[in-house]
>>> print(open('final_3.cif').read())   # mmCIF, C-alpha atoms (C1' of nucleotides)
data_input
#
loop_
_atom_site.label_atom_id
_atom_site.label_comp_id
_atom_site.auth_asym_id
_atom_site.auth_seq_id
_atom_site.Cartn_x
_atom_site.Cartn_y
_atom_site.Cartn_z
CA MET A 1 183.21 -31.53 -70.67
CA ALA A 2 182.32 -30.84 -74.27
CA GLU A 3 178.81 -29.71 -75.02
CA LYS A 4 176.77 -32.74 -75.91
CA PRO A 5 174.74 -31.66 -78.89
CA SER A 6 171.04 -31.95 -78.26
CA ARG A 7 169.07 -34.35 -80.36
CA ARG A 8 167.56 -31.38 -82.19
CA ASP A 9 171.01 -30.17 -83.16
CA GLN A 10 172.15 -33.62 -84.22
CA ILE A 11 169.16 -33.80 -86.49
CA LEU A 12 169.71 -30.32 -87.86
CA ASN A 13 173.34 -31.07 -88.65
CA ALA A 14 172.55 -34.35 -90.35
CA ALA A 15 169.73 -32.76 -92.32
CA ALA A 16 171.97 -29.90 -93.43
CA GLU A 17 174.50 -32.36 -94.76
CA LEU A 18 171.85 -34.25 -96.67
CA PHE A 19 170.08 -31.16 -98.00
CA ALA A 20 173.41 -29.80 -99.21
CA ARG A 21 174.21 -33.00 -101.06
CA HIS A 22 170.85 -33.95 -102.54
CA GLY A 23 168.67 -30.85 -102.32
CA PHE A 24 165.68 -30.39 -100.05
CA HIS A 25 163.24 -32.41 -102.10
CA GLY A 26 165.83 -35.07 -102.79
CA VAL A 27 165.96 -36.06 -99.12
CA GLY A 28 163.29 -38.08 -97.38
CA ILE A 29 162.22 -38.01 -93.79
CA ASP A 30 163.48 -41.55 -93.43
CA ASP A 31 166.92 -40.57 -94.74
CA ILE A 32 167.28 -37.89 -92.11
CA GLY A 33 166.16 -40.23 -89.39
CA ALA A 34 168.57 -42.93 -90.53
CA ALA A 35 171.42 -40.42 -90.46
CA VAL A 36 171.00 -39.97 -86.70
CA GLY A 37 170.22 -43.59 -85.95
CA ILE A 38 166.50 -43.29 -85.40
CA SER A 39 163.96 -44.07 -87.98
CA GLY A 40 161.58 -41.88 -89.92
CA PRO A 41 158.64 -40.50 -88.03
CA ALA A 42 160.54 -40.19 -84.75
CA LEU A 43 161.65 -36.82 -86.07
CA TYR A 44 158.20 -35.47 -85.41
CA ARG A 45 158.93 -35.65 -81.68
CA HIS A 46 161.43 -32.83 -82.33
CA PHE A 47 160.12 -30.83 -85.28
CA ARG A 48 156.68 -29.92 -86.44
CA SER A 49 157.46 -30.72 -90.07
CA LYS A 50 160.20 -31.11 -92.62
CA ASP A 51 159.67 -27.50 -93.67
CA ALA A 52 160.18 -26.43 -90.08
CA MET A 53 163.62 -28.05 -90.08
CA LEU A 54 164.70 -26.08 -93.12
CA GLY A 55 163.18 -22.94 -91.67
CA GLU A 56 165.01 -23.22 -88.39
CA MET A 57 168.22 -24.13 -90.17
CA LEU A 58 168.20 -21.12 -92.47
CA THR A 59 167.09 -18.53 -89.95
CA SER A 60 169.77 -19.65 -87.54
CA ILE A 61 172.49 -19.44 -90.22
CA SER A 62 171.34 -16.02 -91.29
CA GLU A 63 171.29 -14.74 -87.73
CA ARG A 64 174.75 -16.07 -87.00
CA LEU A 65 176.16 -14.58 -90.20
CA LEU A 66 174.60 -11.20 -89.57
CA ASP A 67 175.59 -10.70 -86.01
CA GLY A 68 179.06 -12.16 -86.37
CA GLY A 69 179.66 -9.81 -89.29
CA GLN A 70 178.15 -6.83 -87.54
CA ARG A 71 180.20 -7.45 -84.43
CA ARG A 72 183.46 -7.62 -86.35
CA VAL A 73 182.77 -4.49 -88.32
CA ASP A 74 181.91 -2.60 -85.15
CA ALA A 75 185.13 -3.71 -83.50
CA ALA A 76 187.32 -2.73 -86.43
CA ALA A 77 189.53 0.33 -86.14
CA SER A 78 189.51 1.32 -89.81
CA PRO A 79 187.46 0.66 -92.95
CA ASP A 80 190.25 -1.47 -94.40
CA GLU A 81 190.41 -3.54 -91.27
CA ALA A 82 186.64 -3.85 -91.28
CA LEU A 83 186.71 -5.28 -94.76
CA ARG A 84 189.49 -7.71 -93.90
CA GLU A 85 187.56 -8.82 -90.82
CA LEU A 86 184.38 -9.30 -92.80
CA VAL A 87 186.11 -11.39 -95.44
CA GLY A 88 187.84 -13.44 -92.77
CA TRP A 89 184.59 -14.02 -90.96
CA HIS A 90 182.73 -15.20 -94.01
CA VAL A 91 185.63 -17.39 -95.14
CA ASP A 92 185.84 -19.06 -91.75
CA PHE A 93 182.13 -19.66 -91.73
CA ALA A 94 182.15 -21.16 -95.20
CA LEU A 95 185.09 -23.42 -94.44
CA ASP A 96 183.79 -24.56 -91.07
CA ASP A 97 180.24 -25.19 -92.19
CA PRO A 98 180.23 -25.91 -95.90
CA ALA A 99 176.93 -27.77 -95.70
CA LEU A 100 175.12 -24.87 -94.08
CA ILE A 101 176.53 -22.41 -96.57
CA THR A 102 175.46 -24.59 -99.46
CA VAL A 103 171.95 -25.04 -98.14
CA GLN A 104 171.59 -21.32 -97.56
CA ALA A 105 172.78 -20.52 -101.04
CA ARG A 106 170.55 -23.01 -102.82
CA ASN A 107 167.45 -23.75 -100.86
CA LEU A 108 165.88 -20.40 -100.16
CA ALA A 109 163.16 -21.29 -102.65
CA ASN A 110 162.00 -24.25 -100.60
CA LEU A 111 161.07 -22.23 -97.55
CA THR A 112 157.57 -21.51 -96.36
CA ASP A 113 156.46 -17.98 -97.22
CA PRO A 114 156.78 -16.55 -93.71
CA ASP A 115 160.13 -18.27 -93.17
CA ARG A 116 161.38 -16.97 -96.47
CA ARG A 117 160.43 -13.43 -95.54
CA ARG A 118 162.29 -13.71 -92.27
CA VAL A 119 165.41 -15.15 -93.86
CA ARG A 120 165.35 -12.64 -96.70
CA ALA A 121 165.19 -9.79 -94.23
CA LEU A 122 168.19 -11.10 -92.31
CA GLN A 123 170.17 -11.64 -95.50
CA ARG A 124 169.38 -8.13 -96.66
CA ARG A 125 170.74 -6.71 -93.46
CA TYR A 126 173.90 -8.79 -93.80
CA VAL A 127 174.38 -7.59 -97.36
CA GLU A 128 173.90 -4.05 -96.11
CA VAL A 129 176.79 -4.47 -93.70
CA TRP A 130 178.94 -5.54 -96.62
CA VAL A 131 177.74 -2.75 -98.88
CA ASP A 132 178.55 -0.10 -96.30
CA THR A 133 181.96 -1.56 -95.61
CA ILE A 134 182.79 -1.91 -99.29
CA ARG A 135 181.77 1.63 -100.07
CA ARG A 136 184.00 2.95 -97.33
CA THR A 137 187.04 1.34 -98.92
CA VAL A 138 186.29 1.18 -102.64
CA THR A 139 185.26 4.73 -103.26
CA ASP A 140 184.51 4.33 -106.96
CA PHE A 141 181.58 1.99 -106.34
CA ASP A 142 178.08 3.41 -106.21
CA GLU A 143 175.54 1.60 -104.11
CA PRO A 144 174.05 -0.83 -106.65
CA THR A 145 177.54 -1.72 -107.82
CA ALA A 146 178.68 -2.36 -104.28
CA ARG A 147 175.68 -4.60 -103.75
CA ALA A 148 176.45 -6.60 -106.87
CA ALA A 149 180.09 -6.80 -105.81
CA ALA A 150 179.06 -8.14 -102.41
CA HIS A 151 177.03 -10.89 -104.04
CA ALA A 152 179.95 -11.72 -106.30
CA VAL A 153 182.27 -12.07 -103.32
CA PHE A 154 179.75 -14.32 -101.61
CA GLY A 155 179.77 -16.49 -104.70
CA LEU A 156 183.54 -16.61 -104.66
CA ILE A 157 183.80 -17.57 -101.02
CA ASN A 158 180.86 -19.95 -101.05
CA SER A 159 182.44 -21.91 -103.88
CA THR A 160 184.37 -23.73 -101.16
CA PRO A 161 182.31 -26.90 -101.05
CA HIS A 162 183.01 -27.65 -104.69
CA SER A 163 186.74 -28.00 -104.30
CA ALA A 164 188.20 -29.70 -101.28
CA HIS A 165 191.57 -30.21 -102.92
CA LEU A 166 193.36 -27.90 -100.52
CA ASP A 167 193.66 -28.13 -96.77
CA ARG A 168 191.76 -25.69 -94.63
CA ASP A 169 194.49 -23.14 -94.02
CA GLN A 170 195.65 -22.95 -97.60
CA MET A 171 192.06 -22.64 -98.74
CA ALA A 172 191.40 -19.86 -96.25
CA ALA A 173 194.48 -17.98 -97.39
CA LEU A 174 193.58 -18.36 -101.04
CA LEU A 175 189.97 -17.29 -100.66
CA THR A 176 190.90 -14.34 -98.49
CA ARG A 177 193.52 -13.18 -100.93
CA MET A 178 191.21 -13.53 -103.92
CA ALA A 179 188.26 -11.88 -102.22
CA LEU A 180 190.28 -8.87 -101.09
CA ALA A 181 191.96 -8.56 -104.49
CA SER A 182 188.62 -8.65 -106.27
CA LEU A 183 187.45 -5.73 -104.13
CA ALA A 184 190.60 -3.65 -104.44
CA PRO A 185 190.10 -0.19 -105.93
CA ALA A 186 190.52 -0.19 -109.69
CA ALA A 187 194.14 -0.15 -110.66
CA VAL A 188 194.65 3.10 -112.48
CA PRO A 189 197.18 2.52 -115.24
CA SER A 190 199.50 5.49 -114.69
CA MET B 1 164.27 -14.58 -140.79
CA ALA B 2 164.96 -15.36 -137.17
CA GLU B 3 165.50 -18.98 -136.25
CA LYS B 4 162.25 -20.40 -135.03
CA PRO B 5 163.17 -22.39 -131.99
CA SER B 6 162.09 -25.99 -132.25
CA ARG B 7 159.56 -27.28 -129.79
CA ARG B 8 162.31 -29.25 -128.10
CA ASP B 9 164.28 -26.07 -127.52
CA GLN B 10 161.25 -24.16 -126.29
CA ILE B 11 160.69 -26.88 -123.75
CA LEU B 12 164.33 -26.99 -122.73
CA ASN B 13 164.39 -23.23 -122.21
CA ALA B 14 161.21 -23.19 -120.18
CA ALA B 15 162.37 -26.12 -118.11
CA ALA B 16 165.73 -24.48 -117.45
CA GLU B 17 163.99 -21.38 -116.15
CA LEU B 18 161.79 -23.43 -113.86
CA PHE B 19 164.56 -25.72 -112.64
CA ALA B 20 166.68 -22.67 -111.86
CA ARG B 21 163.92 -21.08 -109.84
CA HIS B 22 162.44 -24.04 -107.97
CA GLY B 23 164.99 -26.82 -108.24
CA PHE B 24 164.60 -30.01 -110.26
CA HIS B 25 162.34 -31.81 -107.82
CA GLY B 26 160.34 -28.67 -107.18
CA VAL B 27 159.06 -28.58 -110.74
CA GLY B 28 156.37 -30.90 -112.05
CA ILE B 29 155.90 -32.24 -115.52
CA ASP B 30 152.66 -30.29 -115.72
CA ASP B 31 154.42 -27.05 -114.81
CA ILE B 32 156.86 -27.45 -117.67
CA GLY B 33 154.07 -28.26 -120.08
CA ALA B 34 152.04 -25.27 -118.97
CA ALA B 35 155.06 -23.00 -119.50
CA VAL B 36 155.06 -23.79 -123.21
CA GLY B 37 151.30 -23.89 -123.62
CA ILE B 38 150.82 -27.63 -123.82
CA SER B 39 149.80 -29.76 -120.97
CA GLY B 40 151.62 -32.39 -119.01
CA PRO B 41 152.19 -35.68 -120.75
CA ALA B 42 152.57 -34.09 -124.18
CA LEU B 43 156.20 -33.60 -123.25
CA TYR B 44 156.76 -37.31 -123.70
CA ARG B 45 156.38 -36.81 -127.45
CA HIS B 46 159.68 -34.91 -127.27
CA PHE B 47 161.64 -36.41 -124.39
CA ARG B 48 161.92 -39.87 -122.99
CA SER B 49 161.66 -38.68 -119.39
CA LYS B 50 162.08 -35.73 -117.09
CA ASP B 51 165.58 -36.94 -116.28
CA ALA B 52 166.37 -36.93 -119.98
CA MET B 53 165.49 -33.23 -120.15
CA LEU B 54 167.93 -32.38 -117.40
CA GLY B 55 170.52 -34.63 -118.95
CA GLU B 56 170.32 -33.03 -122.36
CA MET B 57 170.26 -29.58 -120.80
CA LEU B 58 173.41 -30.08 -118.76
CA THR B 59 175.45 -31.91 -121.37
CA SER B 60 174.69 -29.23 -123.91
CA ILE B 61 175.72 -26.43 -121.54
CA SER B 62 178.90 -28.23 -120.63
CA GLU B 63 179.79 -28.81 -124.26
CA ARG B 64 179.15 -25.21 -125.20
CA LEU B 65 181.20 -23.92 -122.28
CA LEU B 66 184.09 -26.23 -123.02
CA ASP B 67 184.45 -25.66 -126.70
CA GLY B 68 183.79 -21.93 -126.55
CA GLY B 69 186.47 -21.65 -123.89
CA GLN B 70 188.89 -23.88 -125.71
CA ARG B 71 188.43 -21.98 -128.95
CA ARG B 72 189.13 -18.63 -127.33
CA VAL B 73 192.22 -19.84 -125.56
CA ASP B 74 193.57 -21.32 -128.77
CA ALA B 75 193.00 -18.07 -130.62
CA ALA B 76 194.70 -15.92 -128.01
CA ALA B 77 198.11 -14.46 -128.73
CA SER B 78 199.42 -14.42 -125.15
CA PRO B 79 198.64 -16.03 -121.80
CA ASP B 80 197.30 -12.74 -120.46
CA GLU B 81 195.01 -12.38 -123.43
CA ALA B 82 193.92 -15.98 -123.06
CA LEU B 83 192.87 -15.34 -119.48
CA ARG B 84 191.01 -12.18 -120.41
CA GLU B 85 189.24 -14.04 -123.20
CA LEU B 86 188.30 -16.89 -120.90
CA VAL B 87 186.88 -14.54 -118.29
CA GLY B 88 184.99 -12.61 -120.93
CA TRP B 89 183.56 -15.80 -122.38
CA HIS B 90 182.32 -17.12 -119.07
CA VAL B 91 180.90 -13.75 -118.05
CA ASP B 92 178.99 -13.44 -121.33
CA PHE B 93 177.63 -16.92 -120.94
CA ALA B 94 176.51 -16.33 -117.37
CA LEU B 95 174.85 -13.03 -118.23
CA ASP B 96 173.12 -14.30 -121.35
CA ASP B 97 171.88 -17.53 -119.84
CA PRO B 98 171.55 -17.11 -116.11
CA ALA B 99 169.02 -19.92 -115.84
CA LEU B 100 171.32 -22.44 -117.51
CA ILE B 101 174.26 -21.41 -115.37
CA THR B 102 172.20 -21.76 -112.23
CA VAL B 103 170.91 -25.18 -113.17
CA GLN B 104 174.39 -26.38 -114.01
CA ALA B 105 175.77 -25.11 -110.73
CA ARG B 106 173.04 -26.62 -108.55
CA ASN B 107 171.49 -29.64 -110.15
CA LEU B 108 174.37 -31.93 -110.96
CA ALA B 109 173.18 -34.20 -108.18
CA ASN B 110 169.86 -34.86 -109.87
CA LEU B 111 171.35 -36.40 -112.98
CA THR B 112 171.21 -40.07 -113.90
CA ASP B 113 174.48 -41.84 -113.22
CA PRO B 114 175.62 -42.09 -116.86
CA ASP B 115 174.57 -38.51 -117.55
CA ARG B 116 176.42 -37.32 -114.49
CA ARG B 117 179.57 -39.10 -115.60
CA ARG B 118 179.37 -37.45 -119.00
CA VAL B 119 178.77 -33.98 -117.59
CA ARG B 120 181.48 -34.38 -114.97
CA ALA B 121 183.97 -35.33 -117.63
CA LEU B 122 183.14 -32.27 -119.71
CA GLN B 123 183.32 -30.00 -116.69
CA ARG B 124 186.68 -31.44 -115.73
CA ARG B 125 188.05 -30.65 -119.15
CA TYR B 126 186.71 -27.11 -118.94
CA VAL B 127 188.31 -26.63 -115.55
CA GLU B 128 191.54 -27.98 -117.01
CA VAL B 129 191.50 -25.25 -119.65
CA TRP B 130 191.19 -22.70 -116.86
CA VAL B 131 193.85 -24.31 -114.72
CA ASP B 132 196.37 -24.27 -117.57
CA THR B 133 195.60 -20.68 -118.46
CA ILE B 134 195.77 -19.53 -114.86
CA ARG B 135 199.08 -21.24 -114.26
CA ARG B 136 200.57 -19.56 -117.29
CA THR B 137 199.79 -16.12 -115.88
CA VAL B 138 199.85 -16.54 -112.12
CA THR B 139 203.12 -18.27 -111.67
CA ASP B 140 202.94 -18.63 -107.91
CA PHE B 141 199.99 -21.04 -108.06
CA ASP B 142 200.63 -24.73 -107.96
CA GLU B 143 198.13 -26.98 -109.67
CA PRO B 144 195.69 -27.71 -106.82
CA THR B 145 195.68 -24.04 -105.92
CA ALA B 146 194.95 -23.06 -109.50
CA ARG B 147 192.09 -25.53 -109.55
CA ALA B 148 190.61 -24.11 -106.38
CA ALA B 149 191.06 -20.61 -107.76
CA ALA B 150 189.22 -21.58 -110.93
CA HIS B 151 186.27 -22.84 -108.91
CA ALA B 152 186.28 -19.66 -106.88
CA VAL B 153 186.16 -17.54 -110.04
CA PHE B 154 183.26 -19.64 -111.31
CA GLY B 155 181.45 -18.91 -108.09
CA LEU B 156 182.13 -15.23 -108.47
CA ILE B 157 180.90 -15.04 -112.04
CA ASN B 158 177.97 -17.38 -111.54
CA SER B 159 176.66 -15.21 -108.73
CA THR B 160 175.02 -13.15 -111.46
CA PRO B 161 171.50 -14.47 -111.12
CA HIS B 162 171.25 -13.33 -107.52
CA SER B 163 171.66 -9.65 -108.26
CA ALA B 164 170.02 -8.13 -111.28
CA HIS B 165 170.35 -4.61 -109.95
CA LEU B 166 172.77 -3.54 -112.65
CA ASP B 167 172.27 -3.50 -116.39
CA ARG B 168 174.04 -6.03 -118.51
CA ASP B 169 177.03 -3.95 -119.58
CA GLN B 170 177.80 -2.61 -116.13
CA MET B 171 177.47 -6.07 -114.71
CA ALA B 172 179.80 -7.51 -117.32
CA ALA B 173 182.37 -4.82 -116.64
CA LEU B 174 182.16 -5.35 -112.88
CA LEU B 175 182.44 -9.12 -113.01
CA THR B 176 185.30 -9.02 -115.48
CA ARG B 177 187.20 -6.53 -113.39
CA MET B 178 186.66 -8.48 -110.19
CA ALA B 179 187.50 -11.84 -111.72
CA LEU B 180 190.74 -10.61 -113.25
CA ALA B 181 191.72 -8.77 -110.07
CA SER B 182 191.09 -11.88 -107.98
CA LEU B 183 193.49 -13.80 -110.21
CA ALA B 184 196.21 -11.17 -110.35
CA PRO B 185 199.61 -12.31 -109.07
CA ALA B 186 200.00 -11.62 -105.39
CA ALA B 187 200.95 -8.05 -104.71
CA VAL B 188 204.38 -8.20 -103.15
CA PRO B 189 204.64 -5.44 -100.58
CA SER B 190 207.99 -3.96 -101.54
"C1'" DG C 1 156.61 -48.84 -56.77
"C1'" DG C 2 153.50 -46.80 -59.58
"C1'" DA C 3 152.41 -42.72 -62.66
"C1'" DG C 4 153.61 -40.22 -66.34
"C1'" DG C 5 156.03 -38.05 -69.88
"C1'" DA C 6 159.80 -38.19 -73.36
"C1'" DG C 7 161.18 -40.42 -77.12
"C1'" DG C 8 161.06 -44.38 -79.95
"C1'" DT C 9 158.62 -48.13 -83.18
"C1'" DT C 10 155.68 -49.97 -87.09
"C1'" DA C 11 151.57 -49.79 -89.90
"C1'" DG C 12 148.83 -47.22 -92.73
"C1'" DC C 13 146.70 -43.32 -95.19
"C1'" DA C 14 146.29 -39.63 -98.48
"C1'" DG C 15 148.06 -36.94 -101.94
"C1'" DC C 16 151.31 -36.01 -105.39
"C1'" DC C 17 153.83 -36.95 -109.49
"C1'" DG C 18 156.12 -39.31 -113.30
"C1'" DT C 19 154.68 -42.20 -116.76
"C1'" DT C 20 151.59 -44.82 -119.93
"C1'" DC C 21 147.38 -45.54 -122.60
"C1'" DA C 22 143.61 -44.91 -125.63
"C1'" DC C 23 141.97 -41.68 -128.25
"C1'" DA C 24 141.41 -37.10 -131.05
"C1'" DT C 25 142.91 -34.06 -134.91
"C1'" DG C 26 144.93 -31.53 -138.43
"C1'" DG C 27 148.33 -30.63 -142.07
"C1'" DG C 28 151.32 -32.84 -146.01
"C1'" DG C 29 152.59 -36.19 -149.58
"C1'" DC C 30 150.66 -39.81 -152.79
"C1'" DG D 1 140.46 -36.96 -151.40
"C1'" DC D 2 142.61 -39.99 -148.52
"C1'" DC D 3 145.97 -41.63 -145.34
"C1'" DC D 4 149.06 -41.13 -141.90
"C1'" DC D 5 152.20 -39.44 -138.88
"C1'" DA D 6 153.30 -35.84 -135.67
"C1'" DT D 7 151.50 -33.80 -131.93
"C1'" DG D 8 148.24 -33.07 -128.40
"C1'" DT D 9 144.50 -34.56 -124.80
"C1'" DG D 10 142.40 -36.50 -120.39
"C1'" DA D 11 142.03 -40.49 -117.59
"C1'" DA D 12 144.18 -43.82 -114.93
"C1'" DC D 13 147.88 -46.21 -112.38
"C1'" DG D 14 151.57 -47.18 -109.30
"C1'" DG D 15 155.03 -45.88 -106.39
"C1'" DC D 16 156.91 -42.74 -103.32
"C1'" DT D 17 156.68 -39.60 -99.33
"C1'" DG D 18 155.21 -36.62 -95.66
"C1'" DC D 19 152.58 -37.17 -91.82
"C1'" DT D 20 149.40 -39.37 -88.27
"C1'" DA D 21 147.93 -43.05 -85.25
"C1'" DA D 22 148.39 -46.52 -81.97
"C1'" DC D 23 151.30 -48.70 -79.27
"C1'" DC D 24 155.70 -49.73 -76.51
"C1'" DT D 25 159.50 -48.76 -73.16
"C1'" DC D 26 162.32 -46.69 -70.22
"C1'" DC D 27 163.72 -42.93 -66.65
"C1'" DT D 28 162.37 -39.92 -63.27
"C1'" DC D 29 160.23 -38.32 -59.44
"C1'" DC D 30 157.06 -38.37 -55.54
#
>>> encode(input="final_3.cif", output="structure tokens")
Amino acid sequence: MAEKPSRRDQILNAAAELFARHGFHGVGIDDIGAAVGISGPALYRHFRSKDAMLGEMLTSISERLLDGGQRRVDAAASPDEALRELVGWHVDFALDDPALITVQARNLANLTDPDRRRVRALQRRYVEVWVDTIRRTVTDFDEPTARAAAHAVFGLINSTPHSAHLDRDQMAALLTRMALASLAPAAVPS
Amino acid sequence: MAEKPSRRDQILNAAAELFARHGFHGVGIDDIGAAVGISGPALYRHFRSKDAMLGEMLTSISERLLDGGQRRVDAAASPDEALRELVGWHVDFALDDPALITVQARNLANLTDPDRRRVRALQRRYVEVWVDTIRRTVTDFDEPTARAAAHAVFGLINSTPHSAHLDRDQMAALLTRMALASLAPAAVPS
DNA sequence: GGAGGAGGTTAGCAGCCGTTCACATGGGGC
DNA sequence: GCCCCATGTGAACGGCTGCTAACCTCCTCC
């Protein structure tokens, strides 16, 4: 028997979709309700506020990203493999949950202060995993450069939602190839 | 004598900064006014509406991107040079105007229908310039793949605003290197 | 079979926000 | 010197939106 998603999760999924498409402020409480077949204020039986929905959404994404990434790096046998695993992990995430990735990339500013602090902290730790892994394979990057490179790769991979012209597998292959190529050590013209 | 920016342009710049930081709906008319030292409704002496500001902002960015890109490609002597020029152009743009790039990447959804159509059309033409250039240098990409690759490179380059840890020149060098590497023909393991 | 809680409904309120209005003012051309 | 238009102001309005309130209806469990 497949897991029946709880009402909370239904709501969160629908809200993520809407937030991704129209932006946090562009979506009304009634819209979210309508998307799950109930209407407006019924949402308050499940969440304290609209802000709370965004907060829960973003902290959960950030936690999943961080510990999935950490786990894969820990399990990898070599730095190169770690990097490939990390790229694969992020690509899969972005392709499987484009709405969540979009919301996370765009709507940090709409969080409550405490929520934002929490999410920021998680994101920093995730970036740190990337920075360490990158520096173990691309030896000519100093730390700030590696950090900037990590953000650039996120941008590359997270671009997914804007172009659905390829099927999932082709897209995964393309993004993986491009991401790894962009992080390859500088080609030294002999 | 330096160009004195017209009031309109002052407003547009301030609004771009605010839209980039808080999102279109997260910024009030009064906020924009305050940012240029006038207050609230005075803006209506210069723009018909808040939507009109976003509309003008995005069409002007899209036009500048398109014809700068087109010009550089036309002036290039070889496909490889054309691609390098295109990457350099987009990188410069993103680094010089991070707010505009951010707004363009995130706030398409907030445009009026006719404005959105206009901007979409311009963006499509810009992407087409990239697709053609990419396909002339990376011969193993079919058209949909090249289009997806172009979007991915935009994501990579537009990630700029999220990481200001490097100075402009280093950042430009890094982004250019990564973008070109990500588009290099697939390394065939001999 | 009656009590009660979970989850839903509609009506309404309060605050915000884009926009308009009536009015001030100051610098240039006749 | 006067007029007038460009530019700015504060007050007010109307609609939208997040949230609360009051009420209904099952389903469950003793």
>>> closest_residue(input="final_3.cif", among="D:DC16, D:DC27, D:DA22, D:DA6", to="DC16 in chain C", atoms="all atoms listed in the file")
D:DC16
>>> residues_around(input="final_3.cif", residues="DT10 in chain C", least_positions_apart="4", cutoff="12 Å", atoms="all atoms listed in the file", output="PyMOL selection string")
(chain A and resi 39-42) or (chain D and resi 21-24)
>>> residues_around(input="final_3.cif", residues="Asp132 in chain A", least_positions_apart="6", cutoff="12 Å", atoms="only C-alpha atoms (C1' of nucleotides)", output="list in words")
Gln70, Val73, Asp74, Pro79, Asp80, Ala82, Leu83, Leu86, Arg125, Tyr126, Val138, Thr139, Phe141, Asp142, Glu143, Pro144, Thr145, Ala146, Arg147, Ala149 and Ala150 of chain A
>>> resolve_selection(input="final_3.cif", expression="the PyMOL selection byres ((chain C) within 10 of (chain B))", output="list of chain:residue names")
C:DC16, C:DC17, C:DG18, C:DT19, C:DT20
>>> interface_residues(input="final_3.cif", of="chain A", to="chain B", cutoff="7 Å", atoms="only C-alpha atoms", output="VMD selection string")
chain A and resid 22 25 to 26 109 144 148 151 to 153 155 to 157 159 163 165 to 166 178 to 179 181 to 183
